[in-house]
file final_26.cif (mmCIF, C-alpha atoms and all ligand atoms)
data_input
#
loop_
_atom_site.label_atom_id
_atom_site.label_comp_id
_atom_site.auth_asym_id
_atom_site.auth_seq_id
_atom_site.Cartn_x
_atom_site.Cartn_y
_atom_site.Cartn_z
CA MET A 1 135.57 118.34 78.74
CA LYS A 2 132.40 116.34 78.34
CA ASN A 3 132.15 113.49 75.86
CA ILE A 4 129.17 114.32 73.69
CA ILE A 5 127.76 112.56 70.65
CA LEU A 6 125.63 114.15 67.99
CA THR A 7 124.52 112.35 64.90
CA GLY A 8 121.50 112.45 62.66
CA ASP A 9 119.52 111.31 59.66
CA ARG A 10 117.48 112.96 56.98
CA PRO A 11 113.94 111.64 57.31
CA THR A 12 113.42 110.80 53.65
CA GLY A 13 112.46 107.13 54.02
CA ARG A 14 112.15 104.18 56.34
CA LEU A 15 115.47 102.79 57.56
CA HIS A 16 116.80 99.52 56.16
CA LEU A 17 119.40 96.85 56.87
CA GLY A 18 122.11 99.08 55.37
CA HIS A 19 121.37 101.70 58.04
CA TYR A 20 121.27 98.95 60.66
CA VAL A 21 124.75 97.53 60.00
CA GLY A 22 126.19 100.93 59.02
CA SER A 23 125.01 103.06 61.90
CA LEU A 24 122.05 102.02 64.07
CA LYS A 25 123.69 98.99 65.63
CA ARG A 26 126.70 101.01 66.63
CA ARG A 27 124.59 103.84 68.01
CA VAL A 28 122.94 101.35 70.34
CA GLU A 29 126.36 100.03 71.38
CA LEU A 30 127.64 103.56 72.01
CA GLN A 31 124.48 104.36 73.94
CA ASN A 32 124.97 101.33 76.18
CA SER A 33 128.74 101.70 76.53
CA GLY A 34 128.40 104.24 79.32
CA LYS A 35 131.35 106.14 77.84
CA PHE A 36 129.44 109.25 76.84
CA ASP A 37 127.99 112.05 78.90
CA GLU A 38 125.33 112.77 76.30
CA ILE A 39 124.01 111.18 73.13
CA ASN A 40 121.87 113.22 70.79
CA ILE A 41 120.22 112.12 67.58
CA LEU A 42 118.87 114.77 65.28
CA ILE A 43 116.11 114.09 62.81
CA ALA A 44 117.33 116.50 60.16
CA ASP A 45 114.02 117.46 58.57
CA ASP A 46 115.24 120.93 57.57
CA GLN A 47 118.20 119.41 55.81
CA ALA A 48 115.85 116.94 54.09
CA LEU A 49 113.80 119.90 52.83
CA THR A 50 116.82 121.39 51.05
CA ASP A 51 116.23 118.92 48.23
CA ASN A 52 112.55 118.18 48.87
CA ALA A 53 111.07 121.66 49.12
CA ASP A 54 108.18 120.59 46.89
CA ASN A 55 107.33 117.63 49.09
CA PRO A 56 107.19 118.46 52.81
CA GLY A 57 104.57 115.72 53.24
CA LYS A 58 107.16 113.07 52.48
CA ILE A 59 109.46 114.45 55.18
CA ARG A 60 106.61 114.72 57.69
CA GLU A 61 105.62 111.07 57.13
CA ASN A 62 109.14 109.86 57.51
CA ILE A 63 109.85 111.67 60.76
CA ILE A 64 107.60 109.16 62.54
CA ASN A 65 108.93 106.24 60.49
CA VAL A 66 112.50 107.06 61.45
CA VAL A 67 111.64 107.53 65.14
CA LEU A 68 109.87 104.15 65.16
CA ASP A 69 112.93 102.60 63.52
CA TYR A 70 115.16 104.14 66.22
CA LEU A 71 113.02 102.91 69.08
CA SER A 72 112.59 99.46 67.60
CA VAL A 73 116.34 98.80 67.31
CA GLY A 74 116.88 99.70 70.94
CA LEU A 75 117.68 103.39 71.07
CA ASP A 76 116.43 104.31 74.49
CA PRO A 77 114.99 107.78 75.10
CA GLU A 78 116.17 107.56 78.71
CA LYS A 79 119.75 107.52 77.45
CA THR A 80 119.55 109.13 74.03
CA THR A 81 117.93 112.44 73.19
CA ILE A 82 115.95 112.23 69.97
CA CYS A 83 115.03 115.64 68.57
CA VAL A 84 113.60 117.33 65.49
CA GLN A 85 115.76 119.90 63.70
CA SER A 86 113.06 122.30 62.49
CA ALA A 87 111.92 122.91 66.07
CA LEU A 88 115.38 124.12 67.09
CA PRO A 89 115.51 127.76 65.96
CA ALA A 90 119.02 128.24 67.41
CA LEU A 91 120.30 126.06 64.58
CA HIS A 92 118.92 128.49 62.01
CA ALA A 93 120.54 131.46 63.69
CA LEU A 94 123.91 129.69 64.01
CA THR A 95 123.77 128.73 60.34
CA PHE A 96 123.27 132.37 59.39
CA TYR A 97 126.39 133.47 61.30
CA TYR A 98 128.51 130.56 60.08
CA LEU A 99 127.62 131.29 56.44
CA ASN A 100 129.77 134.41 56.76
CA LEU A 101 132.80 132.31 57.68
CA VAL A 102 132.67 130.18 54.55
CA THR A 103 133.35 131.05 50.93
CA THR A 104 131.21 129.86 48.04
CA ALA A 105 134.41 128.51 46.47
CA ARG A 106 134.97 126.33 49.53
CA LEU A 107 131.39 125.05 49.44
CA SER A 108 131.75 124.24 45.72
CA ARG A 109 134.64 121.90 46.49
CA ASN A 110 132.66 119.62 48.86
CA PRO A 111 132.86 116.21 47.12
CA THR A 112 129.71 114.79 48.73
CA VAL A 113 127.61 117.80 47.76
CA LYS A 114 129.11 117.68 44.26
CA ALA A 115 128.07 114.04 43.85
CA GLU A 116 124.59 114.77 45.22
CA ILE A 117 124.16 117.69 42.81
CA GLN A 118 124.84 115.30 39.93
CA MET A 119 122.55 112.59 41.33
CA ARG A 120 119.62 114.96 41.81
CA GLY A 121 119.99 116.63 38.42
CA PHE A 122 120.58 120.06 40.02
CA ALA A 123 123.45 120.64 37.60
CA ASP A 124 120.86 121.09 34.84
CA GLU A 125 117.77 122.30 36.71
CA GLY A 126 119.50 124.86 38.90
CA LEU A 127 120.91 124.40 42.34
CA PRO A 128 118.83 125.49 45.37
CA ALA A 129 120.99 127.80 47.52
CA GLY A 130 119.76 126.02 50.65
CA PHE A 131 121.00 122.69 49.37
CA PHE A 132 124.34 124.19 48.38
CA CYS A 133 124.77 125.52 51.91
CA TYR A 134 123.57 122.50 53.92
CA PRO A 135 127.10 121.59 55.09
CA VAL A 136 127.05 124.89 56.99
CA SER A 137 123.74 124.05 58.61
CA GLN A 138 125.23 120.68 59.55
CA ALA A 139 128.10 122.55 61.22
CA ALA A 140 125.44 124.39 63.20
CA ASP A 141 123.86 121.05 64.22
CA ILE A 142 127.16 119.66 65.42
CA THR A 143 128.46 122.73 67.25
CA ALA A 144 125.11 123.59 68.83
CA PHE A 145 125.31 120.39 70.88
CA ASP A 146 129.02 120.92 71.71
CA ALA A 147 129.57 117.53 70.11
CA THR A 148 133.01 116.01 70.50
CA VAL A 149 132.22 112.85 68.52
CA VAL A 150 130.10 112.56 65.38
CA PRO A 151 129.44 108.97 64.28
CA VAL A 152 128.75 109.04 60.54
CA GLY A 153 129.29 107.21 57.28
CA GLU A 154 132.40 107.95 55.27
CA ASP A 155 130.44 110.12 52.84
CA GLN A 156 129.93 112.58 55.69
CA LEU A 157 133.63 113.23 56.31
CA PRO A 158 133.61 116.41 54.20
CA MET A 159 130.85 117.80 56.47
CA ILE A 160 132.92 117.22 59.58
CA GLU A 161 135.94 118.76 57.88
CA GLN A 162 133.85 121.81 56.97
CA THR A 163 132.59 122.01 60.56
CA ARG A 164 136.12 121.91 61.94
CA GLU A 165 137.15 124.76 59.65
CA ILE A 166 134.20 126.85 60.79
CA VAL A 167 134.98 126.13 64.46
CA GLU A 168 138.62 127.12 64.00
CA LYS A 169 137.73 130.29 62.15
CA PHE A 170 135.03 131.26 64.66
CA ASN A 171 137.32 130.70 67.63
CA LYS A 172 140.12 132.65 65.97
CA ILE A 173 137.95 135.68 65.27
CA TYR A 174 135.73 135.73 68.37
CA GLY A 175 137.75 133.80 70.94
CA GLU A 176 137.56 130.18 72.15
CA THR A 177 133.82 129.41 72.03
CA LEU A 178 133.03 126.34 69.96
CA VAL A 179 134.05 122.73 70.49
CA LEU A 180 136.12 121.04 67.79
CA PRO A 181 134.39 117.77 66.83
CA LYS A 182 135.82 114.51 65.51
CA ALA A 183 134.19 112.09 63.08
CA MET A 184 133.80 108.46 64.03
CA ILE A 185 133.45 106.26 60.96
CA PRO A 186 132.53 102.57 60.60
CA GLU A 187 135.34 100.21 61.52
CA ASN A 188 135.15 97.63 58.77
CA GLU A 189 134.13 97.08 55.17
CA THR A 190 130.95 95.22 56.15
CA GLN A 191 129.69 98.16 58.19
CA ARG A 192 130.70 100.66 55.54
CA ARG A 193 128.57 99.31 52.79
CA LEU A 194 125.83 96.71 52.67
CA PRO A 195 124.80 96.33 49.01
CA GLY A 196 121.21 96.13 47.83
CA VAL A 197 119.79 92.61 47.42
CA ASP A 198 120.48 92.96 43.67
CA GLY A 199 124.18 93.58 44.31
CA LYS A 200 123.99 97.30 43.45
CA ALA A 201 126.28 99.37 45.65
CA LYS A 202 123.53 101.01 47.67
CA MET A 203 120.10 100.15 48.94
CA SER A 204 117.67 102.60 47.43
CA LYS A 205 113.93 102.85 47.48
CA SER A 206 113.70 103.59 43.75
CA LEU A 207 115.69 100.44 42.89
CA GLY A 208 113.42 98.26 45.09
CA ASN A 209 116.52 96.49 46.42
CA CYS A 210 116.10 97.21 50.14
CA ILE A 211 115.17 95.14 53.11
CA TYR A 212 113.53 97.52 55.55
CA LEU A 213 113.62 97.05 59.31
CA SER A 214 109.84 97.26 59.19
CA ASP A 215 109.39 94.63 56.44
CA ASP A 216 107.36 91.58 57.42
CA ALA A 217 108.79 88.04 57.26
CA LYS A 218 107.08 87.33 53.94
CA THR A 219 108.65 90.38 52.27
CA VAL A 220 112.10 89.55 53.62
CA LYS A 221 111.80 86.03 52.28
CA LYS A 222 110.66 87.34 48.90
CA GLN A 223 113.56 89.78 48.65
CA VAL A 224 116.10 87.07 49.46
CA ASN A 225 114.62 84.19 47.46
CA GLY A 226 113.33 86.24 44.57
CA LYS A 227 115.89 88.97 44.14
CA MET A 228 119.11 88.26 45.94
CA PHE A 229 122.06 88.03 43.61
CA THR A 230 124.41 85.04 44.02
CA ASP A 231 127.09 83.73 41.65
CA PRO A 232 125.88 83.65 38.02
CA GLN A 233 128.44 80.94 37.22
CA HIS A 234 127.18 78.65 39.93
CA LEU A 235 124.51 76.89 37.86
CA GLN A 236 124.54 73.34 39.24
CA ILE A 237 124.86 72.65 42.93
CA SER A 238 128.01 70.67 42.13
CA ASP A 239 129.66 73.61 40.31
CA PRO A 240 132.39 75.45 42.20
CA GLY A 241 131.08 78.86 43.31
CA HIS A 242 132.38 82.33 44.14
CA THR A 243 131.71 83.88 47.51
CA GLU A 244 133.29 87.25 46.65
CA GLY A 245 130.70 89.58 45.15
CA ASN A 246 128.01 87.03 46.04
CA VAL A 247 125.42 89.07 47.90
CA VAL A 248 124.22 86.14 50.03
CA PHE A 249 127.72 85.79 51.43
CA THR A 250 128.15 89.55 51.83
CA TYR A 251 125.03 89.52 54.02
CA LEU A 252 126.24 86.46 55.89
CA ASP A 253 129.51 88.31 56.55
CA ALA A 254 127.46 91.13 58.04
CA PHE A 255 124.99 89.13 60.11
CA CYS A 256 126.03 85.58 60.91
CA THR A 257 127.78 84.32 64.02
CA ASP A 258 129.11 80.87 64.93
CA GLU A 259 126.05 80.39 67.15
CA HIS A 260 123.85 80.71 64.08
CA PHE A 261 125.58 77.63 62.64
CA ALA A 262 124.95 75.63 65.78
CA GLU A 263 121.31 76.71 65.66
CA PHE A 264 120.43 76.51 61.95
CA LEU A 265 123.19 74.82 59.95
CA PRO A 266 125.22 72.46 62.16
CA ASP A 267 126.99 70.92 59.12
CA TYR A 268 129.51 73.73 59.49
CA ALA A 269 131.23 75.22 62.51
CA ASN A 270 131.58 78.67 61.02
CA LEU A 271 131.24 80.84 57.92
CA GLU A 272 134.73 79.99 56.67
CA GLU A 273 133.84 76.29 56.49
CA MET A 274 130.62 77.05 54.68
CA LYS A 275 132.40 79.30 52.17
CA GLU A 276 134.99 76.56 51.58
CA HIS A 277 132.25 74.14 50.63
CA TYR A 278 130.57 76.65 48.33
CA ARG A 279 133.85 77.36 46.54
CA ARG A 280 134.59 73.65 46.19
CA GLY A 281 131.13 72.92 44.81
CA GLY A 282 128.28 70.90 46.25
CA LEU A 283 126.53 73.60 48.26
CA GLY A 284 123.35 74.99 46.69
CA ASP A 285 122.17 78.61 46.70
CA GLY A 286 118.83 77.48 48.16
CA THR A 287 120.50 76.17 51.31
CA CYS A 288 122.56 79.36 51.67
CA LYS A 289 119.51 81.57 51.22
CA LYS A 290 117.45 79.58 53.69
CA PHE A 291 120.22 79.96 56.27
CA LEU A 292 120.41 83.69 55.61
CA ILE A 293 116.63 84.09 55.95
CA ASN A 294 116.75 82.33 59.34
CA ILE A 295 119.48 84.70 60.49
CA LEU A 296 117.74 87.82 59.19
CA GLU A 297 114.57 86.72 60.93
CA GLU A 298 116.44 86.29 64.18
CA THR A 299 117.70 89.87 63.81
CA LEU A 300 114.47 91.39 62.55
CA SER A 301 111.73 89.69 64.55
CA PRO A 302 112.57 91.39 67.88
CA ILE A 303 112.87 94.71 66.02
CA ARG A 304 109.45 94.12 64.45
CA ALA A 305 107.91 93.21 67.81
CA GLU A 306 109.31 96.33 69.43
CA ARG A 307 108.04 98.43 66.52
CA ALA A 308 104.54 96.98 66.82
CA LYS A 309 104.51 97.92 70.50
CA TRP A 310 105.39 101.54 69.77
CA GLU A 311 103.02 101.76 66.79
CA ASN A 312 100.22 100.88 69.18
CA ASP A 313 101.21 103.72 71.46
CA ILE A 314 101.84 106.59 69.10
CA ASP A 315 101.08 109.14 71.83
CA ALA A 316 104.06 107.85 73.78
CA VAL A 317 106.26 108.20 70.70
CA TYR A 318 105.04 111.75 70.25
CA ASP A 319 105.87 112.54 73.88
CA ILE A 320 109.37 111.12 73.43
CA ILE A 321 110.28 113.34 70.49
CA ARG A 322 108.58 116.33 72.07
CA ALA A 323 110.52 115.91 75.31
CA GLY A 324 113.76 115.27 73.38
CA THR A 325 113.20 118.36 71.28
CA LEU A 326 112.45 120.56 74.29
CA LYS A 327 115.64 119.37 75.96
CA ALA A 328 117.58 120.03 72.74
CA GLN A 329 116.08 123.52 72.57
CA GLU A 330 117.71 124.29 75.91
CA THR A 331 121.07 122.90 74.82
CA THR A 332 121.12 124.68 71.47
CA ASN A 333 119.75 127.97 72.82
CA ALA A 334 122.57 128.00 75.37
CA THR A 335 125.14 127.59 72.59
CA LEU A 336 123.53 130.36 70.56
CA ALA A 337 123.66 132.66 73.60
CA ARG A 338 127.36 131.84 74.03
CA VAL A 339 127.99 132.53 70.34
CA ARG A 340 126.17 135.86 70.42
CA LYS A 341 128.09 136.82 73.52
CA ALA A 342 131.41 135.92 71.92
CA MET A 343 130.46 138.06 68.90
CA ARG A 344 129.15 140.78 71.23
CA ILE A 345 125.84 140.94 69.40
CA ASN A 346 123.90 140.03 72.54
CA TYR A 347 122.59 143.59 72.71
CA PHE A 348 119.63 142.99 74.95
CA ASP A 349 121.26 140.96 77.67
CA ASP A 350 124.45 142.90 78.07
CA ARG A 351 124.16 146.33 79.72
CA ALA A 352 127.86 146.88 79.07
CA ILE A 353 127.05 147.33 75.39
CA ILE A 354 124.57 150.13 76.13
CA LYS A 355 127.16 151.84 78.33
CA GLU A 356 129.67 151.57 75.52
CA TRP A 357 127.22 153.19 73.12
CA ASP A 358 126.61 155.95 75.62
CA LYS A 359 130.33 156.57 76.06
CA MET A 360 130.88 156.57 72.30
CA LEU A 361 128.12 159.15 71.74
CA LYS A 362 129.44 161.37 74.52
CA ALA A 363 133.00 161.15 73.24
CA ALA A 364 131.79 162.18 69.77
CA LYS A 365 130.27 165.35 71.24
CA GLN A 366 133.47 166.55 72.89
N1 LIG A 401 123.84 114.72 56.43
C1 LIG A 401 123.52 113.59 57.26
C2 LIG A 401 123.11 112.44 56.32
O1 LIG A 401 122.64 112.69 55.23
C3 LIG A 401 122.40 113.88 58.24
C4 LIG A 401 122.79 114.89 59.28
C5 LIG A 401 122.22 116.13 59.46
C6 LIG A 401 123.79 114.76 60.28
N2 LIG A 401 122.81 116.78 60.47
C7 LIG A 401 123.76 115.97 61.02
C8 LIG A 401 124.71 113.74 60.60
C9 LIG A 401 124.66 116.19 62.07
C10 LIG A 401 125.59 113.98 61.66
C11 LIG A 401 125.57 115.18 62.39
O2 LIG A 401 123.22 111.31 56.71
#
call {"tool": "encode", "arguments": {"input": "final_26.cif", "output": "structure tokens"}}
result
Amino acid sequence: MKNIILTGDRPTGRLHLGHYVGSLKRRVELQNSGKFDEINILIADDQALTDNADNPGKIRENIINVVLDYLSVGLDPEKTTICVQSALPALHALTFYYLNLVTTARLSRNPTVKAEIQMRGFADEGLPAGFFCYPVSQAADITAFDATVVPVGEDQLPMIEQTREIVEKFNKIYGETLVLPKAMIPENETQRRLPGVDGKAKMSKSLGNCIYLSDDAKTVKKQVNGKMFTDPQHLQISDPGHTEGNVVFTYLDAFCTDEHFAEFLPDYANLEEMKEHYRRGGLGDGTCKKFLINILEETLSPIRAERAKWENDIDAVYDIIRAGTLKAQETTNATLARVRKAMRINYFDDRAIIKEWDKMLKAAKQ
């Protein structure tokens, strides 16, 4: 069996450092590992519409933002197929068949959807049926590409579980047709969750606590110096400080290497030594922040440069997602054809069905 990756994002905003440490960096590593026969990344604009039906303009804008973010971190269209969900009609058809294999009670139990319903106020306003059913459409995404591996954040585990149930049920009723996928989740705590600069659990546009991959150096500096949460008890440089729950150190955990010390802060050999000093007292927040800014710049400036290149050649970007989407149409149409065949609803490409009808009608006459 082939080793196939499918993953995706809802295009609801530009991507930030949380996305970078949580998923983008690993996607690039997987892409370059040579271990996969195919890597597909789906820009899930239809899924984004399930809770943004009144604002398709926002989704449209962010499709290009997200593609630029992908290209600027090193996703390579020669190795990775980038495609747009709404232009893949096979996904819609698959969703419609899979909906019959799922109960509303089962959908109601999905913990991620439950939390999102609360967050979006749908519990009071009324719940759009499309939103309620998006885990089924995600099962269509995953199975349409015959994905074996789905790299996602932990919050997406219920979607993969739901997909596996649909695959098992489909194969049981109609015969072995769909591939059973596995989730691949981040390996360590740092990848799982990069907090906002204010220390809040998640980076979110509305909280203004993000550092975007497309932010300029001045903005990054402002977010770190002006907003980044440290240790409120560390008032004087000489005071002993806490590194746990100190956002500057959480970010250093995520981004710094021993080489960064040699380059920017040779007083210490590694992060452990630096933390020691901070805990003991005598190391100021200003020094720590300056070090972090240097490291973030080292990460972000090549990404920014790459982004600028693509922004100046938007026609090339357009061609990339068009070509990726056309390729994905072939892949997903083939799966839909296989599904229809397994269900024997492929009326117009299977003469055997017409013969069966004929036989049935003749038998009825006798
Ligand atoms: N639900 C995913 C998210 O919000 C996005 C997504 C859509 C996805 N389809 C997918 C992820 C298929 C993995 C596979 O992040």
call {"tool": "atom_distance", "arguments": {"input": "final_26.cif", "atom1": "atom CA of A:Ile142", "atom2": "atom CA of A:Phe36"}}
result
15.6 Å
call {"tool": "residues_near_ligand", "arguments": {"input": "final_26.cif", "ligand": "ligand LIG 401 (chain A)", "cutoff": "7 Å", "atoms": "all atoms listed in the file", "output": "list of chain:residue names"}}
result
A:Leu6, A:Thr7, A:Gly8, A:Asp9, A:Arg10, A:Leu42, A:Ala44, A:Gln47, A:Gln138, A:Asp141, A:Ile142, A:Val150, A:Pro151, A:Val152, A:Gln156
call {"tool": "residues_around", "arguments": {"input": "final_26.cif", "residues": "stretch 290-295 of chain A", "least_positions_apart": "4", "cutoff": "10 Å", "atoms": "only C-alpha atoms", "output": "list in words"}}
result
Ala217, Val220, Lys221, Lys222, Gln223, Val224, Asn225, Val248, Phe249, Tyr251, Leu252, Phe255, Cys256, Thr257, His260, Phe261, Glu263, Phe264, Leu265, Asp285, Gly286, Thr299 and Leu300 of chain A
call {"tool": "residues_around", "arguments": {"input": "final_26.cif", "residues": "A:Lys275", "least_positions_apart": "3", "cutoff": "12 Å", "atoms": "only C-alpha atoms", "output": "list of chain:residue names"}}
result
A:Pro240, A:Gly241, A:His242, A:Thr243, A:Glu244, A:Asn246, A:Val248, A:Phe249, A:Thr250, A:Leu252, A:Asp253, A:Tyr268, A:Ala269, A:Asn270, A:Leu271, A:Glu272, A:Tyr278, A:Arg279, A:Arg280, A:Gly281, A:Gly282, A:Leu283, A:Gly284, A:Asp285, A:Cys288
call {"tool": "write_last_selection", "arguments": {"input": "final_26.cif", "atoms": "C-alpha atoms", "output": "mmCIF file, keeping the file's coordinate frame"}}
result
data_model
loop_
_atom_site.group_PDB
_atom_site.id
_atom_site.type_symbol
_atom_site.label_atom_id
_atom_site.label_comp_id
_atom_site.auth_asym_id
_atom_site.auth_seq_id
_atom_site.Cartn_x
_atom_site.Cartn_y
_atom_site.Cartn_z
ATOM 1 C CA PRO A 240 132.390 75.450 42.200
ATOM 2 C CA GLY A 241 131.080 78.860 43.310
ATOM 3 C CA HIS A 242 132.380 82.330 44.140
ATOM 4 C CA THR A 243 131.710 83.880 47.510
ATOM 5 C CA GLU A 244 133.290 87.250 46.650
ATOM 6 C CA ASN A 246 128.010 87.030 46.040
ATOM 7 C CA VAL A 248 124.220 86.140 50.030
ATOM 8 C CA PHE A 249 127.720 85.790 51.430
ATOM 9 C CA THR A 250 128.150 89.550 51.830
ATOM 10 C CA LEU A 252 126.240 86.460 55.890
ATOM 11 C CA ASP A 253 129.510 88.310 56.550
ATOM 12 C CA TYR A 268 129.510 73.730 59.490
ATOM 13 C CA ALA A 269 131.230 75.220 62.510
ATOM 14 C CA ASN A 270 131.580 78.670 61.020
ATOM 15 C CA LEU A 271 131.240 80.840 57.920
ATOM 16 C CA GLU A 272 134.730 79.990 56.670
ATOM 17 C CA TYR A 278 130.570 76.650 48.330
ATOM 18 C CA ARG A 279 133.850 77.360 46.540
ATOM 19 C CA ARG A 280 134.590 73.650 46.190
ATOM 20 C CA GLY A 281 131.130 72.920 44.810
ATOM 21 C CA GLY A 282 128.280 70.900 46.250
ATOM 22 C CA LEU A 283 126.530 73.600 48.260
ATOM 23 C CA GLY A 284 123.350 74.990 46.690
ATOM 24 C CA ASP A 285 122.170 78.610 46.700
ATOM 25 C CA CYS A 288 122.560 79.360 51.670
#
call {"tool": "atom_distance", "arguments": {"input": "final_26.cif", "atom1": "atom CA of A:Thr12", "atom2": "atom CA of A:Ile82"}}
result
16.6 Å
call {"tool": "atom_distance", "arguments": {"input": "final_26.cif", "atom1": "atom CA of A:Thr190", "atom2": "atom CA of A:Asn62"}}
result
26.3 Å
call {"tool": "residues_around", "arguments": {"input": "final_26.cif", "residues": "stretch 304-318 of chain A", "least_positions_apart": "3", "cutoff": "6 Å", "atoms": "only C-alpha atoms", "output": "PyMOL selection string"}}
result
chain A and resi 72+301+321
call {"tool": "residues_around", "arguments": {"input": "final_26.cif", "residues": "A:Ala334", "least_positions_apart": "3", "cutoff": "12 Å", "atoms": "only C-alpha atoms", "output": "CSV table (one decimal) with C-alpha atoms, in the frame of the given file"}}
result
chain,number,residue,atom,x,y,z
A,88,LEU,CA,115.4,124.1,67.1
A,89,PRO,CA,115.5,127.8,66.0
A,90,ALA,CA,119.0,128.2,67.4
A,91,LEU,CA,120.3,126.1,64.6
A,94,LEU,CA,123.9,129.7,64.0
A,143,THR,CA,128.5,122.7,67.2
A,144,ALA,CA,125.1,123.6,68.8
A,145,PHE,CA,125.3,120.4,70.9
A,146,ASP,CA,129.0,120.9,71.7
A,177,THR,CA,133.8,129.4,72.0
A,178,LEU,CA,133.0,126.3,70.0
A,327,LYS,CA,115.6,119.4,76.0
A,328,ALA,CA,117.6,120.0,72.7
A,329,GLN,CA,116.1,123.5,72.6
A,330,GLU,CA,117.7,124.3,75.9
A,331,THR,CA,121.1,122.9,74.8
A,337,ALA,CA,123.7,132.7,73.6
A,338,ARG,CA,127.4,131.8,74.0
A,339,VAL,CA,128.0,132.5,70.3
A,340,ARG,CA,126.2,135.9,70.4
A,341,LYS,CA,128.1,136.8,73.5
call {"tool": "closest_atom_pairs", "arguments": {"input": "final_26.cif", "of": "stretch 107-137 of chain A", "to": "stretch 96-103 of chain A", "cutoff": "8 Å", "atoms": "all atoms listed in the file", "output": "CSV"}}
result
residue,atom,partner,partner_atom,distance
A:Leu107,CA,A:Thr103,CA,6.5
A:Cys133,CA,A:Leu99,CA,7.9
A:Val136,CA,A:Leu99,CA,6.4
call {"tool": "write_last_selection", "arguments": {"input": "final_26.cif", "atoms": "C-alpha atoms", "output": "PDB file, in the coordinates of the input"}}
result
ATOM      1  CA  LEU A 107     131.390 125.050  49.440  1.00  0.00           C
ATOM      2  CA  CYS A 133     124.770 125.520  51.910  1.00  0.00           C
ATOM      3  CA  VAL A 136     127.050 124.890  56.990  1.00  0.00           C
TER       4      VAL A 136
END
call {"tool": "closest_residue", "arguments": {"input": "final_26.cif", "among": "A:Met274, A:Val73, A:Leu15, A:Ala48", "to": "A:Glu29", "atoms": "only C-alpha atoms"}}
result
A:Val73
call {"tool": "decode", "arguments": {"input": "final_26.cif", "residues": "stretch 5-17 of chain A", "atoms": "N, CA and C atoms", "output": "CSV table (one decimal), in the first residue's frame"}}
result
chain,number,residue,atom,x,y,z
A,5,ILE,N,-0.1,11.1,2.6
A,5,ILE,CA,-0.4,12.1,3.6
A,5,ILE,C,-1.5,13.1,3.0
A,6,LEU,N,-2.5,13.3,3.9
A,6,LEU,CA,-3.4,14.4,3.6
A,6,LEU,C,-3.6,15.2,4.9
A,7,THR,N,-3.4,16.5,4.8
A,7,THR,CA,-3.8,17.3,5.9
A,7,THR,C,-4.3,18.6,5.4
A,8,GLY,N,-4.8,19.5,6.2
A,8,GLY,CA,-5.4,20.7,5.7
A,8,GLY,C,-5.6,21.8,6.8
A,9,ASP,N,-6.0,23.0,6.3
A,9,ASP,CA,-6.3,24.1,7.2
A,9,ASP,C,-7.5,24.8,6.7
A,10,ARG,N,-8.2,25.4,7.6
A,10,ARG,CA,-9.3,26.3,7.2
A,10,ARG,C,-8.7,27.6,6.9
A,11,PRO,N,-9.0,28.2,5.8
A,11,PRO,CA,-8.4,29.5,5.5
A,11,PRO,C,-9.2,30.7,6.1
A,12,THR,N,-9.0,30.8,7.4
A,12,THR,CA,-9.8,31.9,8.1
A,12,THR,C,-8.8,33.0,8.6
A,13,GLY,N,-7.5,32.8,8.4
A,13,GLY,CA,-6.6,33.9,8.8
A,13,GLY,C,-5.2,33.6,8.4
A,14,ARG,N,-4.3,34.6,8.5
A,14,ARG,CA,-2.9,34.3,8.2
A,14,ARG,C,-2.4,33.3,9.2
A,15,LEU,N,-1.3,32.6,8.8
A,15,LEU,CA,-0.8,31.6,9.8
A,15,LEU,C,0.3,32.3,10.6
A,16,HIS,N,0.4,31.8,11.9
A,16,HIS,CA,1.3,32.4,12.8
A,16,HIS,C,2.3,31.4,13.4
A,17,LEU,N,3.1,31.9,14.4
A,17,LEU,CA,4.2,31.0,14.9
A,17,LEU,C,3.6,29.7,15.5
